[in-house]
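Data from coords11.cif: mmCIF, C-alpha atoms
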```
data_entry
loop_
_atom_site.label_atom_id
_atom_site.label_comp_id
_atom_site.auth_asym_id
_atom_site.auth_seq_id
_atom_site.Cartn_x
_atom_site.Cartn_y
_atom_site.Cartn_z
CA MET P 497 -13.31 -16.94 -28.95
CA LYS P 498 -15.70 -19.58 -27.65
CA LYS P 499 -18.87 -18.38 -25.93
CA PHE P 500 -17.86 -19.50 -22.44
CA GLU P 501 -14.54 -17.66 -22.76
CA GLU P 502 -16.36 -14.33 -22.86
CA ASN P 503 -17.07 -14.62 -19.14
CA ILE P 504 -13.57 -15.58 -18.06
CA ARG P 505 -11.83 -12.90 -16.02
CA ARG P 506 -8.59 -11.91 -17.72
CA VAL P 507 -5.72 -10.09 -16.05
CA GLU P 508 -2.06 -9.61 -16.84
CA PRO P 509 -0.44 -11.69 -14.11
CA TYR P 510 2.42 -10.75 -11.83
CA VAL P 511 5.67 -12.19 -13.14
CA PRO P 512 8.01 -13.34 -10.35
CA GLY P 513 11.75 -13.73 -10.72
CA GLU P 514 13.01 -16.89 -12.36
CA GLN P 515 13.48 -19.98 -10.21
CA PRO P 516 16.24 -21.80 -12.13
CA ALA P 517 17.09 -25.41 -11.35
CA GLY P 518 20.66 -26.56 -10.86
CA SER P 519 23.37 -26.83 -8.24
CA ASN P 520 25.96 -24.35 -9.53
CA ILE P 521 23.67 -21.38 -9.95
CA ILE P 522 24.10 -18.09 -8.12
CA LYS P 523 20.58 -16.81 -7.56
CA LEU P 524 20.44 -13.08 -6.87
CA ASN P 525 17.08 -12.25 -8.46
CA THR P 526 14.26 -12.77 -5.94
CA ASN P 527 15.51 -11.11 -2.73
CA GLU P 528 15.59 -14.34 -0.76
CA SER P 529 17.99 -14.73 2.14
CA PRO P 530 21.30 -16.33 1.13
CA PHE P 531 21.42 -18.04 4.52
CA ALA P 532 19.48 -20.95 5.95
CA PRO P 533 16.88 -20.33 8.65
CA SER P 534 17.87 -20.51 12.30
CA THR P 535 18.65 -23.96 13.71
CA MET P 536 15.74 -23.35 16.10
CA VAL P 537 13.46 -23.19 13.06
CA GLN P 538 14.91 -26.40 11.66
CA MET P 539 14.52 -28.18 15.01
CA ALA P 540 10.94 -26.97 15.42
CA ILE P 541 9.96 -28.41 12.05
CA ALA P 542 11.96 -31.62 12.50
CA SER P 543 10.23 -32.31 15.83
CA MET P 544 6.79 -32.43 14.22
CA MET P 545 4.89 -35.70 14.61
CA PRO P 546 2.50 -37.36 12.13
CA GLU P 547 -0.33 -36.45 14.51
CA ASP P 548 0.48 -32.77 13.97
CA LEU P 549 -0.42 -33.10 10.29
CA ARG P 550 -3.64 -35.06 10.72
CA LYS P 551 -5.73 -32.13 11.91
CA TYR P 552 -6.44 -28.75 10.42
CA PRO P 553 -4.24 -25.93 11.76
CA ASP P 554 -5.62 -23.18 13.96
CA PRO P 555 -7.25 -20.81 11.43
CA GLU P 556 -6.19 -17.77 13.45
CA ALA P 557 -2.66 -19.10 14.16
CA LYS P 558 -3.07 -17.78 17.69
CA ALA P 559 0.27 -19.18 18.89
CA LEU P 560 2.15 -17.24 16.18
CA VAL P 561 0.06 -14.11 16.69
CA LYS P 562 0.91 -14.23 20.39
CA GLU P 563 4.64 -14.60 19.63
CA ILE P 564 4.64 -11.70 17.17
CA ALA P 565 2.63 -9.47 19.52
CA SER P 566 4.98 -10.18 22.41
CA TYR P 567 8.14 -9.55 20.35
CA TYR P 568 6.90 -6.20 19.00
CA ASP P 569 5.07 -5.22 22.20
CA VAL P 570 1.73 -4.92 20.43
CA ASP P 571 -1.68 -6.14 21.58
CA GLU P 572 -2.67 -9.46 19.97
CA SER P 573 -5.90 -7.89 18.70
CA LYS P 574 -3.78 -5.69 16.42
CA VAL P 575 -1.91 -8.51 14.66
CA PHE P 576 -2.94 -10.45 11.56
CA VAL P 577 -1.06 -13.29 9.84
CA GLY P 578 -1.28 -14.75 6.34
CA VAL P 579 0.46 -16.83 3.70
CA GLY P 580 3.25 -14.39 3.02
CA SER P 581 2.78 -10.63 2.82
CA ASP P 582 1.31 -11.12 -0.68
CA ASP P 583 -1.67 -12.93 0.84
CA ILE P 584 -2.21 -10.10 3.31
CA LEU P 585 -1.76 -7.36 0.73
CA GLY P 586 -4.11 -9.03 -1.74
CA MET P 587 -6.71 -9.52 0.99
CA SER P 588 -6.24 -5.89 2.03
CA PHE P 589 -7.02 -4.70 -1.49
CA LEU P 590 -10.18 -6.78 -1.39
CA THR P 591 -11.11 -5.57 2.09
CA PHE P 592 -10.26 -1.88 2.18
CA PHE P 593 -10.32 -0.55 -1.36
CA ASN P 594 -14.03 -0.48 -2.16
CA SER P 595 -14.44 3.19 -3.01
CA ASP P 596 -15.28 4.56 -6.44
CA LYS P 597 -12.22 6.79 -6.01
CA PRO P 598 -8.81 5.60 -7.24
CA VAL P 599 -6.28 3.88 -5.02
CA LEU P 600 -2.89 5.62 -5.15
CA PHE P 601 0.50 3.95 -5.36
CA PRO P 602 3.88 4.81 -6.96
CA ASP P 603 4.54 4.29 -10.65
CA ILE P 604 7.71 2.38 -9.77
CA THR P 605 7.02 -0.03 -6.95
CA TYR P 606 6.06 -3.63 -6.22
CA SER P 607 4.45 -4.76 -9.46
CA PHE P 608 1.76 -6.83 -7.76
CA TYR P 609 -0.21 -3.71 -6.75
CA ASP P 610 -1.70 -3.01 -10.16
CA VAL P 611 -2.32 -6.74 -10.69
CA TRP P 612 -4.53 -6.91 -7.58
CA ALA P 613 -6.28 -3.70 -8.57
CA GLU P 614 -7.04 -5.10 -12.02
CA LEU P 615 -8.11 -8.47 -10.60
CA TYR P 616 -10.61 -6.93 -8.17
CA GLY P 617 -11.80 -4.18 -10.51
CA ILE P 618 -10.37 -1.40 -8.33
CA LYS P 619 -9.70 2.02 -9.83
CA TYR P 620 -6.12 3.12 -9.34
CA GLU P 621 -3.69 5.90 -10.17
CA LYS P 622 0.08 5.57 -10.35
CA ILE P 623 1.83 8.51 -8.73
CA PRO P 624 5.24 9.24 -10.34
CA LEU P 625 8.33 9.04 -8.19
CA THR P 626 10.62 12.05 -8.33
CA ASP P 627 13.56 12.14 -10.74
CA GLU P 628 15.63 10.74 -7.86
CA PHE P 629 13.16 7.80 -7.56
CA GLU P 630 11.77 9.05 -4.25
CA ILE P 631 8.16 9.17 -3.07
CA ASP P 632 6.84 12.74 -2.87
CA PRO P 633 4.31 13.02 0.01
CA LYS P 634 2.71 16.13 -1.52
CA LYS P 635 1.47 14.09 -4.48
CA TYR P 636 -0.60 11.91 -2.13
CA LYS P 637 -2.59 14.83 -0.73
CA LYS P 638 -5.47 14.38 -3.15
CA GLU P 639 -8.81 12.63 -3.20
CA ASN P 640 -8.40 8.86 -3.18
CA GLY P 641 -9.94 5.54 -2.21
CA GLY P 642 -6.84 4.29 -0.42
CA ILE P 643 -3.05 4.41 -0.54
CA VAL P 644 -0.44 1.66 -0.62
CA PHE P 645 3.33 1.90 -0.98
CA ALA P 646 6.41 -0.09 -0.04
CA ASN P 647 8.87 1.51 2.36
CA PRO P 648 11.71 0.90 1.69
CA ASN P 649 10.49 0.85 -1.87
CA ALA P 650 11.07 -1.95 -4.35
CA PRO P 651 12.74 -2.27 -6.77
CA THR P 652 14.57 1.00 -6.03
CA GLY P 653 15.56 0.19 -2.43
CA ILE P 654 15.06 3.79 -1.30
CA ALA P 655 13.47 4.46 2.10
CA LEU P 656 11.17 7.38 2.85
CA PRO P 657 11.88 8.98 6.26
CA LYS P 658 9.30 8.27 8.96
CA ALA P 659 8.21 11.90 9.17
CA GLN P 660 7.29 11.92 5.50
CA VAL P 661 5.43 8.61 5.76
CA GLU P 662 3.43 10.08 8.62
CA GLU P 663 2.75 13.15 6.52
CA ILE P 664 0.98 10.91 3.99
CA ILE P 665 -0.98 9.06 6.69
CA ALA P 666 -2.05 12.25 8.47
CA ALA P 667 -3.21 13.86 5.23
CA ASN P 668 -5.54 10.95 4.44
CA PRO P 669 -7.70 10.23 7.51
CA ASP P 670 -10.62 9.06 5.37
CA SER P 671 -8.61 6.37 3.52
CA VAL P 672 -6.82 3.22 4.59
CA VAL P 673 -3.08 3.71 4.17
CA ILE P 674 -1.04 0.52 3.77
CA VAL P 675 2.71 0.72 4.35
CA ASP P 676 4.41 -2.38 2.98
CA GLU P 677 7.48 -2.87 5.18
CA ALA P 678 8.76 -6.09 3.60
CA TYR P 679 12.37 -4.80 3.78
CA ILE P 680 12.25 -2.65 6.91
CA ASP P 681 14.62 -4.87 8.90
CA PHE P 682 17.48 -3.95 6.53
CA GLY P 683 17.14 -0.19 7.01
CA GLY P 684 14.69 2.68 7.09
CA GLU P 685 12.35 3.80 9.85
CA THR P 686 9.29 1.77 10.71
CA VAL P 687 5.90 3.37 11.37
CA LEU P 688 4.74 0.48 13.54
CA ASP P 689 4.42 2.74 16.57
CA LEU P 690 1.91 4.89 14.67
CA ILE P 691 -0.85 2.26 14.54
CA ASP P 692 -2.22 3.54 17.86
CA LYS P 693 -2.18 7.11 16.60
CA TYR P 694 -3.80 6.43 13.21
CA GLU P 695 -6.70 3.98 13.08
CA ASN P 696 -6.49 3.91 9.27
CA LEU P 697 -2.87 2.64 9.13
CA LEU P 698 -1.96 -0.96 8.23
CA VAL P 699 1.71 -2.02 8.41
CA VAL P 700 2.53 -5.22 6.48
CA ARG P 701 5.66 -7.36 6.87
CA THR P 702 7.07 -10.75 5.91
CA PHE P 703 9.26 -13.57 7.22
CA SER P 704 10.57 -14.21 3.68
CA LYS P 705 13.48 -11.77 3.62
CA SER P 706 15.15 -11.03 6.95
CA ARG P 707 14.05 -14.24 8.67
CA ALA P 708 14.99 -16.56 5.78
CA LEU P 709 11.59 -18.26 5.48
CA ALA P 710 10.56 -17.50 1.90
CA GLY P 711 9.81 -21.18 1.33
CA MET P 712 7.27 -21.24 4.18
CA ARG P 713 5.27 -18.18 3.09
CA VAL P 714 4.56 -16.33 6.33
CA GLY P 715 3.40 -12.72 6.45
CA TYR P 716 1.99 -10.52 9.19
CA ALA P 717 0.37 -7.14 9.63
CA PHE P 718 -0.25 -4.59 12.36
CA GLY P 719 -3.20 -2.25 12.57
CA SER P 720 -6.10 -1.02 14.63
CA GLU P 721 -8.66 -3.55 15.85
CA THR P 722 -11.05 -2.11 13.28
CA LEU P 723 -8.74 -2.97 10.38
CA ILE P 724 -7.63 -6.34 11.77
CA ASN P 725 -11.21 -7.46 12.42
CA ALA P 726 -12.21 -6.42 8.91
CA LEU P 727 -9.35 -8.49 7.48
CA LYS P 728 -10.39 -11.49 9.54
CA ASP P 729 -13.99 -11.21 8.33
CA VAL P 730 -12.85 -11.32 4.71
CA LYS P 731 -10.31 -14.07 5.38
CA PHE P 732 -12.83 -16.34 7.07
CA SER P 733 -15.30 -15.71 4.26
CA TYR P 734 -12.72 -16.64 1.65
CA ASN P 735 -10.35 -19.25 3.10
CA SER P 736 -10.47 -19.89 6.82
CA TYR P 737 -7.38 -22.14 6.84
CA THR P 738 -4.26 -20.37 5.63
CA LEU P 739 -0.97 -20.96 7.45
CA ASN P 740 -0.12 -24.64 7.86
CA VAL P 741 1.23 -26.24 11.02
CA ALA P 742 4.86 -26.28 9.87
CA ALA P 743 4.75 -22.60 8.89
CA ILE P 744 3.28 -21.60 12.26
CA ARG P 745 5.92 -23.57 14.18
CA GLY P 746 8.79 -22.41 12.01
CA ALA P 747 7.79 -18.76 12.24
CA LYS P 748 7.42 -18.98 16.04
CA ALA P 749 10.94 -20.38 16.30
CA ALA P 750 12.30 -17.68 13.98
CA ILE P 751 10.87 -15.00 16.26
CA LYS P 752 12.40 -16.65 19.34
CA ASP P 753 15.91 -16.84 17.88
CA ASP P 754 16.47 -13.09 17.94
CA GLU P 755 20.27 -13.29 18.06
CA TYR P 756 20.41 -15.28 14.82
CA PHE P 757 17.99 -12.85 13.16
CA ARG P 758 20.06 -9.81 14.10
CA ASN P 759 23.33 -11.42 13.05
CA LEU P 760 21.83 -12.40 9.70
CA VAL P 761 20.57 -8.87 9.03
CA ASP P 762 23.91 -7.36 10.05
CA GLU P 763 25.83 -9.68 7.72
CA ILE P 764 23.58 -8.88 4.75
CA THR P 765 23.66 -5.11 5.30
CA LYS P 766 27.43 -5.14 5.70
CA THR P 767 27.84 -7.13 2.47
CA ARG P 768 25.39 -4.78 0.75
CA GLU P 769 27.50 -1.72 1.54
CA GLU P 770 30.73 -3.43 0.52
CA THR P 771 29.20 -4.52 -2.78
CA LYS P 772 27.79 -1.05 -3.36
CA MET P 773 31.24 0.53 -3.07
CA THR P 774 32.76 -2.07 -5.39
CA LEU P 775 30.08 -1.54 -8.04
CA LYS P 776 30.59 2.22 -7.94
CA LYS P 777 34.30 1.73 -8.65
CA MET P 778 33.29 -0.35 -11.67
CA GLY P 779 31.26 2.48 -13.18
CA PHE P 780 27.83 1.72 -11.74
CA ASP P 781 25.45 4.35 -10.47
CA VAL P 782 23.95 2.65 -7.41
CA LEU P 783 20.88 4.02 -5.65
CA PRO P 784 20.97 4.27 -1.83
CA SER P 785 19.51 1.06 -0.45
CA ALA P 786 17.78 0.23 2.83
CA THR P 787 16.96 -3.30 1.65
CA ASN P 788 18.66 -6.61 0.92
CA PHE P 789 19.27 -5.65 -2.71
CA LEU P 790 20.90 -2.98 -4.86
CA PHE P 791 19.40 -1.13 -7.83
CA ALA P 792 22.02 0.08 -10.29
CA LYS P 793 22.86 1.09 -13.85
CA HIS P 794 26.21 1.11 -15.60
CA GLU P 795 27.68 4.24 -17.12
CA SER P 796 28.23 2.66 -20.53
CA MET P 797 26.72 -0.82 -20.74
CA ASP P 798 23.07 -1.65 -21.32
CA ALA P 799 21.28 -3.24 -18.35
CA LYS P 800 19.60 -5.92 -20.41
CA ASP P 801 22.95 -6.99 -21.87
CA ILE P 802 24.44 -7.27 -18.39
CA TYR P 803 21.46 -9.33 -17.25
CA GLU P 804 21.69 -11.71 -20.20
CA LYS P 805 25.47 -12.12 -20.05
CA LEU P 806 25.34 -12.87 -16.33
CA LYS P 807 22.66 -15.44 -17.01
CA GLU P 808 25.02 -17.16 -19.46
CA LYS P 809 27.39 -17.50 -16.52
CA ASP P 810 24.61 -19.00 -14.35
CA ILE P 811 24.27 -15.84 -12.29
CA TYR P 812 20.68 -14.62 -12.07
CA ILE P 813 19.77 -11.01 -11.28
CA ARG P 814 16.54 -9.10 -12.03
CA TYR P 815 15.86 -6.92 -15.06
CA PHE P 816 12.64 -4.93 -15.49
CA ASP P 817 11.65 -3.99 -19.01
CA LYS P 818 9.57 -1.05 -17.83
CA PRO P 819 9.53 2.72 -18.41
CA ARG P 820 12.10 4.77 -16.45
CA ILE P 821 13.92 1.70 -15.07
CA ASP P 822 14.71 -0.32 -18.19
CA ASN P 823 18.40 0.47 -17.89
CA TYR P 824 18.67 -0.68 -14.27
CA ILE P 825 19.40 -4.07 -12.76
CA ARG P 826 18.38 -5.28 -9.32
CA ILE P 827 20.87 -7.43 -7.44
CA THR P 828 19.91 -9.40 -4.36
CA ILE P 829 22.63 -9.47 -1.71
CA GLY P 830 23.99 -13.00 -1.37
CA THR P 831 26.86 -14.41 0.63
CA LYS P 832 30.27 -12.73 0.37
CA GLU P 833 31.42 -15.60 -1.85
CA GLN P 834 28.46 -15.12 -4.17
CA MET P 835 29.01 -11.38 -4.39
CA ASN P 836 32.70 -11.90 -5.14
CA ALA P 837 31.71 -14.26 -7.97
CA LEU P 838 29.25 -11.64 -9.25
CA VAL P 839 31.92 -8.93 -9.23
CA MET P 840 34.39 -11.15 -11.12
CA ALA P 841 31.73 -11.95 -13.72
CA LEU P 842 30.83 -8.26 -14.10
CA GLU P 843 34.47 -7.31 -14.55
CA ASP P 844 34.76 -9.86 -17.34
CA ILE P 845 31.51 -8.74 -18.99
CA ILE P 846 32.25 -5.02 -18.84
CA LYS P 847 35.83 -5.48 -20.01
#
```

How does the structure come out when it is put into structure tokens?
Amino acid sequence: MKKFEENIRRVEPYVPGEQPAGSNIIKLNTNESPFAPSTMVQMAIASMMPEDLRKYPDPEAKALVKEIASYYDVDESKVFVGVGSDDILGMSFLTFFNSDKPVLFPDITYSFYDVWAELYGIKYEKIPLTDEFEIDPKKYKKENGGIVFANPNAPTGIALPKAQVEEIIAANPDSVVIVDEAYIDFGGETVLDLIDKYENLLVVRTFSKSRALAGMRVGYAFGSETLINALKDVKFSYNSYTLNVAAIRGAKAAIKDDEYFRNLVDEITKTREETKMTLKKMGFDVLPSATNFLFAKHESMDAKDIYEKLKEKDIYIRYFDKPRIDNYIRITIGTKEQMNALVMALEDIIK
């Protein structure tokens, strides 16, 4: 190792799902929406003028904050936006987890959490899910420097009831509790209405899944003025310009087209349940899902083999080579046509 390399920070990076190129690929591995954004979104972006791109965007994205606050009936002072929920979550780790006590999060969850903790030198402890892959609130009633968990959880898809989420929040008044609600629009109970009751609660969401804007990277969060102001202080000390003009306009339009949003969510959840029943008939054990994906294992075939054989057929799903879940596959819900193609391919592979 060269001398200068001794001072380079080294972390094991987060590994996202593959982004294969090609026109005949069925991509069911990154939980993107299978549908295009609303036509209102497309029109909002298409109507942009060259002059709109000449100047820096509003660093606070006030127009989008106002739209989000109005839609969810929340005061604007309690809304924060960022470049996808990842940007907000990463900034939240940097902002709120400065204790010498460990941050708590599940052992099976969004795999970016431990990456951020390692990157920022934050102590952490992984709390095991139950044998049924559920979060146990009792295990979070211990000394800690903060708590973060996804609800519904990923990659399992299981949602913790609101009462149990509140049990965790109420038991930890001296720590910031972050509830990552990236998939809440597909099921589960939100705790958004608890931000006025608990000043230490931050609820984080994204436009990437249910509003079909993964390519624009728009995230948002709700919390007390204390938490939101703290996030802003860190943001403006790190990178004052985040969301670009197109992202702000597209996200505003997505919020306005509520009918399209609700129809899209309904279509995906309906297809999810139909696919779940079909997979069960094929010998899969499928966990209950409140998301836009399914987490399943087959009764006799190895998960990695299924993943690789589907890939040979240009169908991409997600496989995690990790303890406890290395015999499960995660399948994003696509269009009905895509799911029918998946089922046909699985029948061929299993047979």

Taking a cut-off of 9 Å and counting only C-alpha atoms, can you build a table that, for each residue of stretch 673-721 of chain P near stretch 528-549 of chain P, reports the nearest atom pair and how far apart they are in Å (one decimal), sorted by chain then residue number, as a tab-separated table?
```
residue	atom	partner	partner_atom	distance
P:Ser704	CA	P:Glu528	CA	6.7
P:Lys705	CA	P:Glu528	CA	5.5
P:Ser706	CA	P:Ser529	CA	6.7
P:Arg707	CA	P:Pro533	CA	6.7
P:Ala708	CA	P:Ser529	CA	5.1
P:Leu709	CA	P:Pro533	CA	6.5
P:Ala710	CA	P:Glu528	CA	6.5
```

What's the 12 Å shell around stretch 807-821 of chain P, counting all atoms listed in the file, without same-chain residues fewer than 5 positions away, as number ranges by chain? P: 511-528, 603-607, 624-629, 650-652, 783, 789-793, 798-802, 826-830, 834-842, 844-845

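Going from atom CA of P:Tyr609 to atom CA of P:Tyr510 covers 9.1 Å.
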
The PyMOL selection byres ((chain P and resi 581) around 7) - which residues does that actually catch in the file I just gave you? List them as a list in words.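 Selection result, ordered by chain and number: Gly578, Val579, Gly580, Asp582, Asp583, Ile584, Leu585, Val700, Arg701, Thr702, Val714, Gly715 and Tyr716 of chain P.
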
Limited to C-alpha atoms, could you put the picked residues into a file as a short mmCIF file (atom, residue, chain, number, x, y, z; two decimals), in the coordinates of the input?
```cif
data_model
loop_
_atom_site.label_atom_id
_atom_site.label_comp_id
_atom_site.auth_asym_id
_atom_site.auth_seq_id
_atom_site.Cartn_x
_atom_site.Cartn_y
_atom_site.Cartn_z
CA GLY P 578 -1.28 -14.75 6.34
CA VAL P 579 0.46 -16.83 3.70
CA GLY P 580 3.25 -14.39 3.02
CA ASP P 582 1.31 -11.12 -0.68
CA ASP P 583 -1.67 -12.93 0.84
CA ILE P 584 -2.21 -10.10 3.31
CA LEU P 585 -1.76 -7.36 0.73
CA VAL P 700 2.53 -5.22 6.48
CA ARG P 701 5.66 -7.36 6.87
CA THR P 702 7.07 -10.75 5.91
CA VAL P 714 4.56 -16.33 6.33
CA GLY P 715 3.40 -12.72 6.45
CA TYR P 716 1.99 -10.52 9.19
#
```

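With all atoms listed in the file as the atoms that count, the residue of P:Asp554, P:Glu614, P:Glu508, P:Glu639 with the shortest distance to P:Ala743 is P:Asp554.
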
What is the atom CA of P:Asn740-atom CA of P:Leu727 distance in Å, reported with one decimal?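 If I compute the distance from atom CA of P:Asn740 to atom CA of P:Leu727, I get 18.6 Å.
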
Distance query 8 Å from (-4.6, 6.7, -8.8) using all atoms listed in the file, result as a ChimeraX atom specification: /P:598-601,619-623,640

For a test of reading the model, state the distance in Å between atom CA of P:Glu769 and atom CA of P:Ile654, rounded to one decimal.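 If I compute the distance from atom CA of P:Glu769 to atom CA of P:Ile654, I get 13.9 Å.
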
Residues at most 9 Å from stretch 736-739 of chain P, counting only C-alpha atoms, excluding those fewer than 3 positions away in the same chain, as a list in words?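 Listed by chain and then number, they are Tyr552, Pro553, Asp554, Pro555, Glu556, Ala557, Val577, Gly578, Val579, Gly580, Met712, Arg713, Val714, Lys728, Lys731, Phe732, Ser733, Ala742, Ala743 and Ile744 of chain P.
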
Limited to C-alpha atoms, could you put the picked residues into a file as a compact mmCIF listing (two decimals), keeping the file's coordinate frame?
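File produced: part.txt:
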```txt
# COMPACT_ATOMS: atom_id res chain seq x y z
CA TYR P 552 -6.44 -28.75 10.42
CA PRO P 553 -4.24 -25.93 11.76
CA ASP P 554 -5.62 -23.18 13.96
CA PRO P 555 -7.25 -20.81 11.43
CA GLU P 556 -6.19 -17.77 13.45
CA ALA P 557 -2.66 -19.10 14.16
CA VAL P 577 -1.06 -13.29 9.84
CA GLY P 578 -1.28 -14.75 6.34
CA VAL P 579 0.46 -16.83 3.70
CA GLY P 580 3.25 -14.39 3.02
CA MET P 712 7.27 -21.24 4.18
CA ARG P 713 5.27 -18.18 3.09
CA VAL P 714 4.56 -16.33 6.33
CA LYS P 728 -10.39 -11.49 9.54
CA LYS P 731 -10.31 -14.07 5.38
CA PHE P 732 -12.83 -16.34 7.07
CA SER P 733 -15.30 -15.71 4.26
CA ALA P 742 4.86 -26.28 9.87
CA ALA P 743 4.75 -22.60 8.89
CA ILE P 744 3.28 -21.60 12.26
```

With only C-alpha atoms as the atoms that count, which of P:Phe703, P:Tyr803, P:Tyr694, P:Phe592 lies nearest to P:Ile680?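 Using only C-alpha atoms, P:Ile680 sits closest to P:Phe703.
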